[in-house]
Amino acid sequence: MQNITESASSYTTLDQLPTLELLKIINKEDHSVPVAISKVLPEIELLVEAIASRLKEGGRLFYIGAGTSGRLGIVDASECPPTYGVPHGMVVGLIAGGDTAIRKAVENAEDNTELAALDLQGHQICEKDIVVGIAASGRTPYVVGGLAWCRQRNIATGCIVCNPGSPVAAEADFPVEVVVGPEVVSGSTRMKAGTAQKMVLNMLTTCTMIRLGKVRGNKMTNMHLSNDKLRIRGTKMLAEALGLEEKAANELLVKYGSVEAAIQGQRALS
């Protein structure tokens with residue numbers, strides 16, 4: 001495999017540059033990320049369709065990763081229930097070293113090829129589910145071992161990596177290889193590689209939730225109304241959808257508990 005993520009930076013005098021010049025360099029390099037993603041949209045499409053089809057049948061989406069990659073998976077998974085009103089167990093993020101590793105590195109956890117399988121078994125994973133490995137390098141043992149274990153048991157696999165021809169991609173039924181090139185700071189894959197992974201994760205769950213009917217038009221009508229901002233947003237959505245005054249819309253929202261439930265309830269009465 002080509003280990004591009006570990007290649008030397010094109011910028012050799014970073015420590016001698018003024019702050020504004022550093023910012024311009026980072027911003028310039030960041031512009032290359034969506035271009036790299038645009039080249040693999042067909043592969044992302046295949047992964048989205050695979051995820052959506054399994055979730056429609058009651059399956060679950062698991063992310064496995066280490067370090068920054070694992071944390072990004074956990075962030076994406078944690079945002080699905082409040083945004084789309086889905087159960088907390090539908091999208092699950094697992095990180096090498098467990099919850100402790102979310103804030104602090106756990107020694108040697110990512111080098112254990114058997115640990116991801118144990119983590120997945122703790123969630124009673126089965127053939128209805130799909131597992132997506134996230135690894136900038138494409139060679140993280142935790143991820144390679146987890147995907148290999150899944151494939152041996154006919155559990156669908158995907159991945160998001162930033163090097164071509166990697167061991168992680170070799171274990172993925174639906175590989176996504178976003179090659180963003182060397183980082184500004186050599187090997188610091190929390191930068192462009194991390195940005196690319198975050199953008200692809202956004203695509204995966206957003207498109208999947210749209211396919212699952214969790215979005216009406218362009219509105220998050222299934223969102224959890226967990227704070228005043230979201231309740232105000234939900235009231236406006238409902239008022240617009242049903243042609244109501246905001247006071248009446250708010251009363252319906254309180255009664256039904258979500259925008260989508262209120263819309264369905266009112267239309268059933270008409």
# chains A, B, ... in the order shown; residues from 1 in each chain; ligands from 1

call {"tool": "residues_around", "arguments": {"residues": "range 216-227 of chain A", "least_positions_apart": "2", "cutoff": "12 Å", "atoms": "only C-alpha atoms", "output": "number ranges by chain"}}
result
A: 79-88, 206-207, 209-214, 229-238, 240-241, 250, 253-254, 256-264

call {"tool": "residues_around", "arguments": {"residues": "Ala196 in chain A", "least_positions_apart": "2", "cutoff": "8 Å", "atoms": "only C-alpha atoms", "output": "JSON, numbers by chain"}}
result
{"A": [33, 34, 37, 178, 180, 192, 193, 194, 198, 199, 200]}

call {"tool": "write_last_selection", "arguments": {"atoms": "C-alpha atoms", "output": "PDB file, in the first residue's frame"}}
result
ATOM      1  CA  VAL A  33     -10.541  17.690   0.819  1.00  0.00           C
ATOM      2  CA  PRO A  34     -13.961  18.065  -0.906  1.00  0.00           C
ATOM      3  CA  ILE A  37     -14.221  13.233  -1.806  1.00  0.00           C
ATOM      4  CA  VAL A 178     -10.364   9.330   0.182  1.00  0.00           C
ATOM      5  CA  VAL A 180      -6.140  13.723   0.567  1.00  0.00           C
ATOM      6  CA  LYS A 192      -7.093  16.803   6.245  1.00  0.00           C
ATOM      7  CA  ALA A 193      -7.685  13.097   6.793  1.00  0.00           C
ATOM      8  CA  GLY A 194      -9.867  13.790   9.823  1.00  0.00           C
ATOM      9  CA  LYS A 198     -15.983  13.719   9.132  1.00  0.00           C
ATOM     10  CA  MET A 199     -17.394  14.868   5.791  1.00  0.00           C
ATOM     11  CA  VAL A 200     -17.944  11.301   4.585  1.00  0.00           C
TER      12      VAL A 200
END

call {"tool": "residues_around", "arguments": {"residues": "Ile160 in chain A", "least_positions_apart": "4", "cutoff": "12 Å", "atoms": "only C-alpha atoms", "output": "PDB file with N, CA and C atoms, in the first residue's frame"}}
result
ATOM      1  N   ILE A  37     -12.981  13.967  -2.066  1.00  0.00           N
ATOM      2  CA  ILE A  37     -14.221  13.233  -1.806  1.00  0.00           C
ATOM      3  C   ILE A  37     -15.063  13.117  -3.073  1.00  0.00           C
ATOM      4  N   VAL A  40     -14.747   9.985  -5.158  1.00  0.00           N
ATOM      5  CA  VAL A  40     -15.185   8.669  -4.671  1.00  0.00           C
ATOM      6  C   VAL A  40     -16.674   8.657  -4.320  1.00  0.00           C
ATOM      7  N   GLU A  43     -18.429   5.301  -4.768  1.00  0.00           N
ATOM      8  CA  GLU A  43     -18.152   4.338  -3.707  1.00  0.00           C
ATOM      9  C   GLU A  43     -18.946   4.680  -2.440  1.00  0.00           C
ATOM     10  N   ILE A  44     -19.060   5.966  -2.153  1.00  0.00           N
ATOM     11  CA  ILE A  44     -19.857   6.382  -1.000  1.00  0.00           C
ATOM     12  C   ILE A  44     -21.324   6.007  -1.217  1.00  0.00           C
ATOM     13  N   LEU A  47     -21.927   2.429  -0.330  1.00  0.00           N
ATOM     14  CA  LEU A  47     -21.924   2.216   1.116  1.00  0.00           C
ATOM     15  C   LEU A  47     -23.216   2.734   1.749  1.00  0.00           C
ATOM     16  N   TYR A  63     -19.636   1.777  13.840  1.00  0.00           N
ATOM     17  CA  TYR A  63     -18.351   2.340  13.447  1.00  0.00           C
ATOM     18  C   TYR A  63     -17.296   1.780  14.385  1.00  0.00           C
ATOM     19  N   ILE A  64     -16.136   1.407  13.834  1.00  0.00           N
ATOM     20  CA  ILE A  64     -15.012   1.011  14.675  1.00  0.00           C
ATOM     21  C   ILE A  64     -13.789   1.810  14.245  1.00  0.00           C
ATOM     22  N   GLY A  65     -13.056   2.325  15.218  1.00  0.00           N
ATOM     23  CA  GLY A  65     -11.873   3.112  14.903  1.00  0.00           C
ATOM     24  C   GLY A  65     -11.044   3.349  16.151  1.00  0.00           C
ATOM     25  N   SER A  69     -10.018   8.852  14.528  1.00  0.00           N
ATOM     26  CA  SER A  69     -11.006   8.160  13.702  1.00  0.00           C
ATOM     27  C   SER A  69     -12.126   7.574  14.555  1.00  0.00           C
ATOM     28  N   GLY A  70     -11.758   6.960  15.669  1.00  0.00           N
ATOM     29  CA  GLY A  70     -12.774   6.408  16.560  1.00  0.00           C
ATOM     30  C   GLY A  70     -13.652   7.488  17.152  1.00  0.00           C
ATOM     31  N   LEU A  72     -14.391  10.405  15.854  1.00  0.00           N
ATOM     32  CA  LEU A  72     -15.282  10.925  14.822  1.00  0.00           C
ATOM     33  C   LEU A  72     -16.485  10.004  14.630  1.00  0.00           C
ATOM     34  N   GLY A  73     -16.257   8.697  14.682  1.00  0.00           N
ATOM     35  CA  GLY A  73     -17.369   7.750  14.576  1.00  0.00           C
ATOM     36  C   GLY A  73     -18.342   7.891  15.726  1.00  0.00           C
ATOM     37  N   VAL A 131     -20.817  -3.008   9.554  1.00  0.00           N
ATOM     38  CA  VAL A 131     -19.724  -2.411  10.322  1.00  0.00           C
ATOM     39  C   VAL A 131     -18.830  -1.608   9.384  1.00  0.00           C
ATOM     40  N   VAL A 132     -18.586  -0.357   9.741  1.00  0.00           N
ATOM     41  CA  VAL A 132     -17.733   0.527   8.944  1.00  0.00           C
ATOM     42  C   VAL A 132     -16.478   0.855   9.752  1.00  0.00           C
ATOM     43  N   GLY A 133     -15.332   0.466   9.224  1.00  0.00           N
ATOM     44  CA  GLY A 133     -14.060   0.772   9.868  1.00  0.00           C
ATOM     45  C   GLY A 133     -13.553   2.138   9.422  1.00  0.00           C
ATOM     46  N   ILE A 134     -13.081   2.923  10.373  1.00  0.00           N
ATOM     47  CA  ILE A 134     -12.562   4.256  10.082  1.00  0.00           C
ATOM     48  C   ILE A 134     -11.090   4.280  10.490  1.00  0.00           C
ATOM     49  N   ALA A 135     -10.206   4.525   9.518  1.00  0.00           N
ATOM     50  CA  ALA A 135      -8.771   4.529   9.811  1.00  0.00           C
ATOM     51  C   ALA A 135      -8.055   5.336   8.742  1.00  0.00           C
ATOM     52  N   ALA A 136      -7.494   6.453   9.112  1.00  0.00           N
ATOM     53  CA  ALA A 136      -6.811   7.295   8.126  1.00  0.00           C
ATOM     54  C   ALA A 136      -5.713   6.515   7.411  1.00  0.00           C
ATOM     55  N   SER A 137      -4.899   5.805   8.166  1.00  0.00           N
ATOM     56  CA  SER A 137      -3.782   5.057   7.585  1.00  0.00           C
ATOM     57  C   SER A 137      -4.243   3.860   6.769  1.00  0.00           C
ATOM     58  N   GLY A 138      -5.386   3.289   7.173  1.00  0.00           N
ATOM     59  CA  GLY A 138      -5.869   2.075   6.523  1.00  0.00           C
ATOM     60  C   GLY A 138      -5.182   0.821   7.021  1.00  0.00           C
ATOM     61  N   ARG A 139      -4.437   0.922   8.095  1.00  0.00           N
ATOM     62  CA  ARG A 139      -3.731  -0.268   8.592  1.00  0.00           C
ATOM     63  C   ARG A 139      -3.859  -0.462  10.103  1.00  0.00           C
ATOM     64  N   THR A 140      -4.741   0.252  10.763  1.00  0.00           N
ATOM     65  CA  THR A 140      -4.921   0.122  12.207  1.00  0.00           C
ATOM     66  C   THR A 140      -5.346  -1.302  12.562  1.00  0.00           C
ATOM     67  N   VAL A 143      -8.964  -2.066  13.658  1.00  0.00           N
ATOM     68  CA  VAL A 143      -9.965  -1.997  12.598  1.00  0.00           C
ATOM     69  C   VAL A 143      -9.826  -3.165  11.634  1.00  0.00           C
ATOM     70  N   PRO A 164      -4.496   4.534  -0.438  1.00  0.00           N
ATOM     71  CA  PRO A 164      -4.978   3.524  -1.387  1.00  0.00           C
ATOM     72  C   PRO A 164      -4.385   2.146  -1.102  1.00  0.00           C
ATOM     73  N   SER A 166      -5.111  -0.339   1.042  1.00  0.00           N
ATOM     74  CA  SER A 166      -4.774  -0.620   2.445  1.00  0.00           C
ATOM     75  C   SER A 166      -5.344  -1.954   2.924  1.00  0.00           C
ATOM     76  N   PRO A 167      -4.807  -2.499   4.018  1.00  0.00           N
ATOM     77  CA  PRO A 167      -5.366  -3.713   4.627  1.00  0.00           C
ATOM     78  C   PRO A 167      -6.803  -3.531   5.084  1.00  0.00           C
ATOM     79  N   VAL A 168      -7.162  -2.350   5.587  1.00  0.00           N
ATOM     80  CA  VAL A 168      -8.542  -2.107   6.008  1.00  0.00           C
ATOM     81  C   VAL A 168      -9.470  -2.199   4.803  1.00  0.00           C
ATOM     82  N   ALA A 169      -9.110  -1.553   3.709  1.00  0.00           N
ATOM     83  CA  ALA A 169      -9.948  -1.594   2.501  1.00  0.00           C
ATOM     84  C   ALA A 169     -10.082  -3.012   1.968  1.00  0.00           C
ATOM     85  N   ALA A 170      -9.040  -3.822   2.126  1.00  0.00           N
ATOM     86  CA  ALA A 170      -9.079  -5.206   1.649  1.00  0.00           C
ATOM     87  C   ALA A 170     -10.104  -6.039   2.415  1.00  0.00           C
ATOM     88  N   GLU A 171     -10.442  -5.628   3.634  1.00  0.00           N
ATOM     89  CA  GLU A 171     -11.422  -6.351   4.444  1.00  0.00           C
ATOM     90  C   GLU A 171     -12.818  -5.735   4.352  1.00  0.00           C
ATOM     91  N   ALA A 172     -12.998  -4.742   3.485  1.00  0.00           N
ATOM     92  CA  ALA A 172     -14.279  -4.047   3.379  1.00  0.00           C
ATOM     93  C   ALA A 172     -15.025  -4.441   2.110  1.00  0.00           C
ATOM     94  N   ASP A 173     -16.290  -4.791   2.268  1.00  0.00           N
ATOM     95  CA  ASP A 173     -17.129  -5.059   1.101  1.00  0.00           C
ATOM     96  C   ASP A 173     -17.416  -3.772   0.336  1.00  0.00           C
ATOM     97  N   PHE A 174     -17.462  -2.655   1.058  1.00  0.00           N
ATOM     98  CA  PHE A 174     -17.773  -1.358   0.465  1.00  0.00           C
ATOM     99  C   PHE A 174     -16.715  -0.339   0.907  1.00  0.00           C
ATOM    100  N   PRO A 175     -15.525  -0.395   0.284  1.00  0.00           N
ATOM    101  CA  PRO A 175     -14.446   0.503   0.705  1.00  0.00           C
ATOM    102  C   PRO A 175     -14.597   1.909   0.132  1.00  0.00           C
ATOM    103  N   VAL A 176     -14.255   2.894   0.947  1.00  0.00           N
ATOM    104  CA  VAL A 176     -14.190   4.294   0.501  1.00  0.00           C
ATOM    105  C   VAL A 176     -12.783   4.782   0.823  1.00  0.00           C
ATOM    106  N   GLU A 177     -12.010   5.082  -0.218  1.00  0.00           N
ATOM    107  CA  GLU A 177     -10.630   5.533  -0.062  1.00  0.00           C
ATOM    108  C   GLU A 177     -10.531   6.994  -0.500  1.00  0.00           C
ATOM    109  N   VAL A 178     -10.451   7.900   0.468  1.00  0.00           N
ATOM    110  CA  VAL A 178     -10.364   9.330   0.182  1.00  0.00           C
ATOM    111  C   VAL A 178      -8.905   9.748   0.357  1.00  0.00           C
ATOM    112  N   VAL A 179      -8.199   9.898  -0.742  1.00  0.00           N
ATOM    113  CA  VAL A 179      -6.763  10.198  -0.692  1.00  0.00           C
ATOM    114  C   VAL A 179      -6.564  11.705  -0.716  1.00  0.00           C
ATOM    115  N   ALA A 193      -7.080  14.428   6.749  1.00  0.00           N
ATOM    116  CA  ALA A 193      -7.685  13.097   6.793  1.00  0.00           C
ATOM    117  C   ALA A 193      -8.893  13.092   7.722  1.00  0.00           C
ATOM    118  N   GLY A 194      -8.746  13.718   8.888  1.00  0.00           N
ATOM    119  CA  GLY A 194      -9.867  13.790   9.823  1.00  0.00           C
ATOM    120  C   GLY A 194     -11.039  14.566   9.254  1.00  0.00           C
ATOM    121  N   THR A 195     -10.735  15.658   8.556  1.00  0.00           N
ATOM    122  CA  THR A 195     -11.796  16.445   7.915  1.00  0.00           C
ATOM    123  C   THR A 195     -12.521  15.610   6.868  1.00  0.00           C
ATOM    124  N   ALA A 196     -11.761  14.867   6.076  1.00  0.00           N
ATOM    125  CA  ALA A 196     -12.365  14.009   5.048  1.00  0.00           C
ATOM    126  C   ALA A 196     -13.261  12.952   5.682  1.00  0.00           C
ATOM    127  N   GLN A 197     -12.787  12.327   6.754  1.00  0.00           N
ATOM    128  CA  GLN A 197     -13.589  11.304   7.424  1.00  0.00           C
ATOM    129  C   GLN A 197     -14.880  11.897   7.975  1.00  0.00           C
ATOM    130  N   LYS A 198     -14.787  13.061   8.596  1.00  0.00           N
ATOM    131  CA  LYS A 198     -15.983  13.719   9.132  1.00  0.00           C
ATOM    132  C   LYS A 198     -16.976  14.037   8.022  1.00  0.00           C
ATOM    133  N   MET A 199     -16.497  14.527   6.899  1.00  0.00           N
ATOM    134  CA  MET A 199     -17.394  14.868   5.791  1.00  0.00           C
ATOM    135  C   MET A 199     -18.086  13.624   5.227  1.00  0.00           C
ATOM    136  N   VAL A 200     -17.345  12.534   5.106  1.00  0.00           N
ATOM    137  CA  VAL A 200     -17.944  11.301   4.585  1.00  0.00           C
ATOM    138  C   VAL A 200     -18.947  10.735   5.584  1.00  0.00           C
ATOM    139  N   LEU A 201     -18.621  10.785   6.871  1.00  0.00           N
ATOM    140  CA  LEU A 201     -19.567  10.324   7.892  1.00  0.00           C
ATOM    141  C   LEU A 201     -20.864  11.128   7.832  1.00  0.00           C
ATOM    142  N   MET A 203     -22.124  12.463   5.232  1.00  0.00           N
ATOM    143  CA  MET A 203     -22.827  11.974   4.042  1.00  0.00           C
ATOM    144  C   MET A 203     -23.522  10.652   4.320  1.00  0.00           C
ATOM    145  N   LEU A 204     -22.807   9.744   4.975  1.00  0.00           N
ATOM    146  CA  LEU A 204     -23.371   8.412   5.211  1.00  0.00           C
ATOM    147  C   LEU A 204     -24.665   8.472   6.009  1.00  0.00           C
TER     148      LEU A 204
END

call {"tool": "select_by_dssp", "arguments": {"residues": "range 1-237 of chain A", "states": "helix (DSSP H, G or I)", "output": "MDAnalysis selection string"}}
result
chainID A and resid 4:6 14:16 19:30 32:38 41:56 67:84 99:102 109:111 115:121 141:151 167:170 192:211 228:237

call {"tool": "residues_around", "arguments": {"residues": "Glu107 in chain A", "least_positions_apart": "6", "cutoff": "10 Å", "atoms": "only C-alpha atoms", "output": "mmCIF file with C-alpha atoms, in the first residue's frame"}}
result
data_model
loop_
_atom_site.group_PDB
_atom_site.id
_atom_site.type_symbol
_atom_site.label_atom_id
_atom_site.label_comp_id
_atom_site.auth_asym_id
_atom_site.auth_seq_id
_atom_site.Cartn_x
_atom_site.Cartn_y
_atom_site.Cartn_z
ATOM 1 C CA ALA A 96 -10.210 1.095 20.678
ATOM 2 C CA GLY A 97 -9.755 1.290 24.431
ATOM 3 C CA ALA A 101 -10.088 6.547 24.958
#

call {"tool": "select_by_dssp", "arguments": {"residues": "range 5-102 of chain A", "states": "strand (DSSP E or B)", "output": "PyMOL selection string"}}
result
chain A and resi 61-65+91-95

call {"tool": "closest_residue", "arguments": {"among": "A:Thr19, A:Thr68, A:Ser38, A:Gln121", "to": "Arg103 in chain A", "atoms": "only C-alpha atoms"}}
result
A:Thr68

call {"tool": "residues_around", "arguments": {"residues": "Asp129 in chain A", "least_positions_apart": "5", "cutoff": "8 Å", "atoms": "only C-alpha atoms", "output": "ChimeraX atom specification"}}
result
/A:54-55,59-62,155-156

call {"tool": "closest_residue", "arguments": {"among": "A:Cys150, A:Val185, A:Val215, A:Ala105", "to": "Ile25 in chain A", "atoms": "only C-alpha atoms"}}
result
A:Val185

call {"tool": "closest_residue", "arguments": {"among": "A:Ala117, A:Met191, A:Cys162, A:Met90", "to": "Asn3 in chain A", "atoms": "only C-alpha atoms"}}
result
A:Cys162

call {"tool": "closest_residue", "arguments": {"among": "A:Gln266, A:Ser78, A:Asn108, A:Thr113", "to": "Thr205 in chain A", "atoms": "only C-alpha atoms"}}
result
A:Ser78

call {"tool": "residues_around", "arguments": {"residues": "range 12-17 of chain A", "least_positions_apart": "2", "cutoff": "12 Å", "atoms": "only C-alpha atoms", "output": "MDAnalysis selection string"}}
result
chainID A and resid 8:10 19:26 183:186

call {"tool": "atom_distance", "arguments": {"atom1": "CA of Gly265 in chain A", "atom2": "CA of Gly243 in chain A"}}
result
14.7 Å

call {"tool": "decode", "arguments": {"residues": "range 220-237 of chain A", "atoms": "C-alpha atoms", "output": "PDB file, in the first residue's frame"}}
result
ATOM      1  CA  MET A 220     -35.623  17.393  10.468  1.00  0.00           C
ATOM      2  CA  THR A 221     -39.206  16.601  11.389  1.00  0.00           C
ATOM      3  CA  ASN A 222     -38.238  13.670  13.642  1.00  0.00           C
ATOM      4  CA  MET A 223     -35.741  15.577  15.806  1.00  0.00           C
ATOM      5  CA  HIS A 224     -35.932  15.278  19.582  1.00  0.00           C
ATOM      6  CA  LEU A 225     -37.339  18.464  21.096  1.00  0.00           C
ATOM      7  CA  SER A 226     -34.733  18.578  23.823  1.00  0.00           C
ATOM      8  CA  ASN A 227     -34.291  22.340  24.272  1.00  0.00           C
ATOM      9  CA  ASP A 228     -35.998  25.673  23.613  1.00  0.00           C
ATOM     10  CA  LYS A 229     -34.176  26.253  20.334  1.00  0.00           C
ATOM     11  CA  LEU A 230     -35.445  22.972  18.900  1.00  0.00           C
ATOM     12  CA  ARG A 231     -38.956  23.495  20.231  1.00  0.00           C
ATOM     13  CA  ILE A 232     -39.099  26.896  18.538  1.00  0.00           C
ATOM     14  CA  ARG A 233     -37.760  25.384  15.322  1.00  0.00           C
ATOM     15  CA  GLY A 234     -40.284  22.546  15.526  1.00  0.00           C
ATOM     16  CA  THR A 235     -43.152  24.971  16.083  1.00  0.00           C
ATOM     17  CA  LYS A 236     -42.189  26.940  12.985  1.00  0.00           C
ATOM     18  CA  MET A 237     -41.875  23.745  10.944  1.00  0.00           C
TER      19      MET A 237
END
